[in-house]
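What follows is a single structure, written as structure tokens, with notes after it.
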Amino acid sequence: MQLIQDLAKERRKKLRFPMHRELRYKLLEGDTIVASGLGTTVDLGSSGLAFRTDQPLTPGSFIELSISWPVLLEDSCPMRMIVFGRVLRSSSHISAATIDKYEFRTAARTAQPVVAIRSDSMLQRWADTIRRESMKAAASA
């Protein structure tokens, strides 16, 4: 009965499921990657997710998240889900983001340190594509 009441209060169009996995993030503002770090997922759905970080993130910023995936490829190879989206909201330690694009990649078998911020990231290329599409749509409207 409680689940039905909780679902009735939910404003999202799609459900999110509790999932606690390690993640890494990169935050893009303008043309610059301004932050990167570690966190953990709180919940995950087909169009968005909530996650914990050690710092608040800027709403509206493009974000790339690399999430450890709980299933092994061919029962032996670790996987990561790479998510591209936008930060919707952020409090002191909990943020929410859209999932606009995602892909699965194989992951290293051992823990890797957070890499230094690079300027040639897929996040920047993806954000540039979204910006160009928005400008085309605005010009034709």
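If you're wondering about the labels, chains in the structure tokens are A, B, ... by order shown, residues count from 1 in each chain, ligands from 1 in order shown.
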
Quiz item: Tell me, which residues of chain A carry DSSP alpha helix (DSSP H), written as a PyMOL selection string?
Solution: chain A and resi 2-9+122-140

Quiz item: Residues at most 8 Å from range 79-96 of chain A, counting only C-alpha atoms, excluding those fewer than 4 positions away in the same chain, as a ChimeraX atom specification?
Solution: /A:48-73,100-107,123,126

Practice problem: Choose the residue, out of A:Ser134, A:Leu44, A:Gln124, A:Ala139, that has the smallest atom-to-atom separation from Gly30 in chain A; count only C-alpha atoms. | Solution: A:Gln124

Practice problem: Tell me, in Å to one decimal, how far CA of Ile33 in chain A is from CA of Arg125 in chain A. | Solution: 11.8 Å

Quiz item: When DSSP works through the backbone of this structure, what residues of chain A end up as strand (DSSP E or B), shown as number ranges by chain?
Solution: A: 16-18, 22-29, 32-45, 48-53, 62-73, 77-90, 94-98, 101-106

Self-check item: Within 9 Å of Pro18 in chain A using only C-alpha atoms, minus same-chain residues under 4 positions, as a list in words
Solution: Thr41, Val42, Asp43, Leu44 and Gly45 of chain A
